[in-house]
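Encoded as structure tokens, the structure appears first; notes follow it.
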Amino acid sequence: MATEFPLPRVLTYPASAPPSLIAQGAEGRLYKTTHLHADRPCALKYRPPKPYRHPILDARLTKARIAAEAKVLDRCYREGVPVPVVYALDAAAGWLMIEWIEGIPVRQGINEWLGERPEDDAPPAEDLDETPIVDLMKRIGQAVGSLHRTGVIHGDLTTSNMMLRPRPQGSEPEADAKKKAVAGDVILIDFGLATQSSSDEDRAVDLYVLERAFASTHPRAERLFSHVLEAYKHSFKKAHSVLIKLEDVRMRGRKRSMLG
Amino acid sequence: MSLETLEIDHIPSSHRIHAALFHDVSNTDFLHAQLLARNPDFDYTFLDASSVISRLHVLSAIYRAVTTQLEGSLTTATPHSEVVLSLSPNNNIADAYRRWGITPGKTKDIIVIKIVSGTEVPTPEDIWAHLTGAIKGTPAPLSDEEIAKATDWPKVRKYYSLNAVPALASVKDEEVRRREMERLAIMKMALRGL
């Protein structure tokens, strides 16, 4: 597939390993490549020029979006929010090089955990220890809480936009495969739609998007979502009022009513 | 010969990048004067190693300078001066030279970078012969260990505003802390100009 797209110019020069196309979205493409040398894997996010837009407007939008994403990542990383660090960028050329996060998406981790469970959403058998998955839910709540505390709204929270990065070898006792699937640090990724805001409304909508995405991606784990919100509630001071707002948002949906 | 030819990913083969480190340099004033006079024989980047964290830190600056040159958007006169600017978190060129360039009477350890491209082809031997003739100091390879001997951390923390960063508050291990500061500094450099 990679050959269907011309590489961005920045990737046409020699490197220790050829870049590979990882994902392709409406706005841009994600490559895996290296920063400076082979032992620094990185993700390169490239926003190609849009032929249907006026060139001057297109250049301005691309530049502004790359810049916005880089600034949000910088702010989050400095505040201790678990996000990838920025390695390099060229806003005018439309690319952003960030740290490569090892591991699997949270979505995959949850699905591997649920793997052998019965189809329905019935409470698990008595002997099933749910601690590892509940613990993951709490780590998700804390990660989103720290993001919101920093004044950043992700804009597209899903379990695909969170990575589970394995902790260094030997730091934890050996776990079985299932426990391993939900172990690791939660890292938030893809800040292409992120904005800066500290309002209860924006934070509640961010949580609502995650709640809905979670319910449709993991219908069998829906009841576990309450642990996300519980951990979120204790992660920063204003979280409590965000959760009250979330009740309103659930009643009306993501978009505010334009009536009245 | 302590001069190294650096291999940096995503830099075209038309560019050759050489680097070395000199400890205890005694003729900084002479080198500084050559830069001010724009002596074409001294088309090098001279960095004050006390403001530098590591090899990775230098490589990041070189990478930015070369990519900027390839895009045709150099802010300074040459890729050599662009390396100095690339180390700075802001666009003030004079400020970048004061902090990362060499200062007579102050700079003791110097990192030298030579970027060669296009038709001019001095060999590493030519460059090394010229450098050892011009710089009165003790040559050393550009390794993390050698750079670490020179790094002035309070200065680096000030230049990259690393003194009150929440992300560093919980890091106790000094080695881990330094790697974190290196990451934050490289990010600051990448975000310059946004």
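By convention here, the chains of the structure tokens are called A, B, ... in the order presented, each chain's residues are numbered starting at 1, and ligands are numbered starting at 1 in the order presented.
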
Proximity of chain A to chain B: per-residue shortest pair, 8 Å limit, only C-alpha atoms, as CSV:
```
residue,atom,partner,partner_atom,distance
A:Val10,CA,B:His10,CA,6.8
A:Leu11,CA,B:His10,CA,6.4
A:Thr12,CA,B:His10,CA,7.4
A:Tyr13,CA,B:His10,CA,4.8
A:Pro14,CA,B:His10,CA,5.3
A:Ala15,CA,B:Asp9,CA,4.3
A:Ser16,CA,B:Asp9,CA,6.3
A:Thr34,CA,B:Asp9,CA,6.9
A:His35,CA,B:Asp9,CA,6.5
A:Leu36,CA,B:Asp9,CA,4.7
A:His37,CA,B:Asp9,CA,5.6
A:Ala38,CA,B:Asp9,CA,7.8
A:Ala67,CA,B:Leu194,CA,6.0
A:Ala70,CA,B:Leu191,CA,7.1
A:Lys71,CA,B:Leu191,CA,7.4
A:Asp74,CA,B:Met187,CA,7.1
A:Tyr77,CA,B:Ala167,CA,6.9
A:Arg78,CA,B:Ala167,CA,5.2
A:Glu79,CA,B:Pro166,CA,5.1
A:Gly80,CA,B:Ala167,CA,4.1
A:Val81,CA,B:Ala167,CA,7.9
A:Val85,CA,B:Met187,CA,6.9
A:Val86,CA,B:Met187,CA,5.3
A:Tyr87,CA,B:Met187,CA,5.8
A:Ala88,CA,B:Ala190,CA,4.8
A:Leu89,CA,B:Ala190,CA,6.1
```

Write out as a VMD selection string all residues of range 46-161 of chain B that DSSP puts in helix (DSSP H, G or I) for this structure's backbone. chain B and resid 49 to 51 55 to 70 79 to 86 93 to 100 124 to 134 144 to 150 153 to 159

Output file for the selection above: C-alpha atoms, as a PDB file, in the first residue's frame:
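Below is the file result_10.pdb, written as the result:
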```pdb
ATOM      1  CA  ALA B  49      30.090  22.451  25.243  1.00  0.00           C
ATOM      2  CA  SER B  50      29.000  23.650  28.682  1.00  0.00           C
ATOM      3  CA  SER B  51      25.559  24.511  27.210  1.00  0.00           C
ATOM      4  CA  ARG B  55      25.407  13.850  21.454  1.00  0.00           C
ATOM      5  CA  LEU B  56      21.701  13.439  20.757  1.00  0.00           C
ATOM      6  CA  HIS B  57      21.181  17.084  21.676  1.00  0.00           C
ATOM      7  CA  VAL B  58      23.798  18.209  19.103  1.00  0.00           C
ATOM      8  CA  LEU B  59      22.494  15.811  16.453  1.00  0.00           C
ATOM      9  CA  SER B  60      18.966  17.197  16.860  1.00  0.00           C
ATOM     10  CA  ALA B  61      20.255  20.706  16.189  1.00  0.00           C
ATOM     11  CA  ILE B  62      22.252  19.577  13.150  1.00  0.00           C
ATOM     12  CA  TYR B  63      19.209  17.728  11.816  1.00  0.00           C
ATOM     13  CA  ARG B  64      17.043  20.807  12.085  1.00  0.00           C
ATOM     14  CA  ALA B  65      19.674  23.030  10.490  1.00  0.00           C
ATOM     15  CA  VAL B  66      20.131  20.699   7.521  1.00  0.00           C
ATOM     16  CA  THR B  67      16.393  20.131   6.963  1.00  0.00           C
ATOM     17  CA  THR B  68      15.844  23.893   7.139  1.00  0.00           C
ATOM     18  CA  GLN B  69      18.534  24.366   4.516  1.00  0.00           C
ATOM     19  CA  LEU B  70      16.949  21.703   2.287  1.00  0.00           C
ATOM     20  CA  PRO B  79      23.917  25.944   7.910  1.00  0.00           C
ATOM     21  CA  HIS B  80      26.757  26.369  10.427  1.00  0.00           C
ATOM     22  CA  SER B  81      25.144  29.362  12.076  1.00  0.00           C
ATOM     23  CA  GLU B  82      21.745  27.666  11.769  1.00  0.00           C
ATOM     24  CA  VAL B  83      23.017  24.884  14.062  1.00  0.00           C
ATOM     25  CA  VAL B  84      23.638  27.484  16.789  1.00  0.00           C
ATOM     26  CA  LEU B  85      20.148  28.909  16.330  1.00  0.00           C
ATOM     27  CA  SER B  86      18.667  25.400  16.258  1.00  0.00           C
ATOM     28  CA  ILE B  93      20.053  34.891  16.928  1.00  0.00           C
ATOM     29  CA  ALA B  94      22.297  37.101  19.086  1.00  0.00           C
ATOM     30  CA  ASP B  95      20.926  35.398  22.154  1.00  0.00           C
ATOM     31  CA  ALA B  96      21.588  31.951  20.660  1.00  0.00           C
ATOM     32  CA  TYR B  97      25.201  32.904  19.953  1.00  0.00           C
ATOM     33  CA  ARG B  98      25.653  34.234  23.485  1.00  0.00           C
ATOM     34  CA  ARG B  99      24.383  30.990  24.950  1.00  0.00           C
ATOM     35  CA  TRP B 100      25.527  28.246  22.574  1.00  0.00           C
ATOM     36  CA  PRO B 124      38.169  14.606   6.880  1.00  0.00           C
ATOM     37  CA  GLU B 125      41.979  14.622   6.957  1.00  0.00           C
ATOM     38  CA  ASP B 126      42.087  18.153   5.497  1.00  0.00           C
ATOM     39  CA  ILE B 127      39.520  19.363   8.018  1.00  0.00           C
ATOM     40  CA  TRP B 128      41.287  17.712  10.914  1.00  0.00           C
ATOM     41  CA  ALA B 129      44.658  19.141   9.897  1.00  0.00           C
ATOM     42  CA  HIS B 130      43.167  22.625   9.776  1.00  0.00           C
ATOM     43  CA  LEU B 131      41.349  22.255  13.098  1.00  0.00           C
ATOM     44  CA  THR B 132      44.287  20.886  15.041  1.00  0.00           C
ATOM     45  CA  GLY B 133      46.398  23.693  13.626  1.00  0.00           C
ATOM     46  CA  ALA B 134      43.880  26.383  14.569  1.00  0.00           C
ATOM     47  CA  ASP B 144      28.237  11.446  25.730  1.00  0.00           C
ATOM     48  CA  GLU B 145      30.962  10.897  28.345  1.00  0.00           C
ATOM     49  CA  GLU B 146      33.172  13.663  26.971  1.00  0.00           C
ATOM     50  CA  ILE B 147      30.259  16.104  26.597  1.00  0.00           C
ATOM     51  CA  ALA B 148      29.046  15.318  30.132  1.00  0.00           C
ATOM     52  CA  LYS B 149      32.424  16.447  31.525  1.00  0.00           C
ATOM     53  CA  ALA B 150      31.690  19.933  30.226  1.00  0.00           C
ATOM     54  CA  TRP B 153      23.501  21.850  34.282  1.00  0.00           C
ATOM     55  CA  PRO B 154      22.274  24.974  36.108  1.00  0.00           C
ATOM     56  CA  LYS B 155      22.919  26.908  32.891  1.00  0.00           C
ATOM     57  CA  VAL B 156      21.182  24.302  30.703  1.00  0.00           C
ATOM     58  CA  ARG B 157      18.174  24.241  33.027  1.00  0.00           C
ATOM     59  CA  LYS B 158      17.916  28.008  32.808  1.00  0.00           C
ATOM     60  CA  TYR B 159      18.242  28.141  29.020  1.00  0.00           C
TER      61      TYR B 159
END
```

List the neighbours of Ala215 in chain A out to 12 Å using only C-alpha atoms; skip same-chain residues closer than 5 positions along the sequence, and give me the result as a PyMOL selection string. chain A and resi 107+121+158-159+208-210+220-226

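For the pair CA of Glu99 in chain A and CA of Arg40 in chain A, the interatomic distance is 8.0 Å.
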
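DSSP secondary structure from the backbone places B:Glu4, B:Thr5, B:Leu6, B:His15, B:Arg16, B:Ile17, B:His18, B:Ala19, B:Ala20, B:Leu21, B:Phe22, B:His23, B:Thr45, B:Phe46, B:Leu47, B:Asp48, B:Ile110, B:Ile111, B:Val112, B:Ile113, B:Lys114, B:Ile115, B:Val116, B:Ser117, B:Thr138, B:Pro139, B:Ala140 of chain B in strand (DSSP E or B).
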
Would you compute the distance between CA of Thr28 in chain B and CA of Val112 in chain B? Give it in Å to one decimal. 12.3 Å

Name the residues in contact with range 41-51 of chain A at a cut-off of 7 Å, using only C-alpha atoms, excluding same-chain residues fewer than 4 positions from it; report them as a PyMOL selection string. chain A and resi 27-35+58+62+94-100

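CA of Leu246 in chain A is positioned 16.7 Å from CA of Leu147 in chain A.
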
Within 7 Å of range 116-120 of chain B, counting only C-alpha atoms, which residues show up once you throw out same-chain ones fewer than 5 positions away? Write them as JSON, numbers by chain, please. {"B": [14, 15, 16, 17]}

Could you write out that same residue set with N, CA and C atoms as a PDB file, in the first residue's frame?
```
ATOM      1  N   SER B  14      24.324  13.894  -0.052  1.00  0.00           N
ATOM      2  CA  SER B  14      25.102  15.033  -0.544  1.00  0.00           C
ATOM      3  C   SER B  14      25.767  15.794   0.606  1.00  0.00           C
ATOM      4  N   HIS B  15      25.282  15.575   1.823  1.00  0.00           N
ATOM      5  CA  HIS B  15      25.842  16.265   2.987  1.00  0.00           C
ATOM      6  C   HIS B  15      26.765  15.344   3.775  1.00  0.00           C
ATOM      7  N   ARG B  16      27.939  15.881   4.141  1.00  0.00           N
ATOM      8  CA  ARG B  16      28.848  15.149   5.027  1.00  0.00           C
ATOM      9  C   ARG B  16      28.983  15.985   6.288  1.00  0.00           C
ATOM     10  N   ILE B  17      28.804  15.359   7.421  1.00  0.00           N
ATOM     11  CA  ILE B  17      28.870  16.116   8.663  1.00  0.00           C
ATOM     12  C   ILE B  17      29.966  15.567   9.557  1.00  0.00           C
TER      13      ILE B  17
END
```

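Closest approach to Ser235 in chain A from the set A:Leu157, A:Ala143, A:Val182, A:Leu193 is made by A:Ala143, with distances taken over only C-alpha atoms.
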
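Closest to Gln196 in chain A among A:Glu69, A:Glu247, A:Val242, A:Asn161 is A:Glu69, based on only C-alpha atoms.
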
List the neighbours of range 197-201 of chain A out to 9 Å using only C-alpha atoms; skip same-chain residues closer than 5 positions along the sequence, and give me the result as a count of residues only. 16
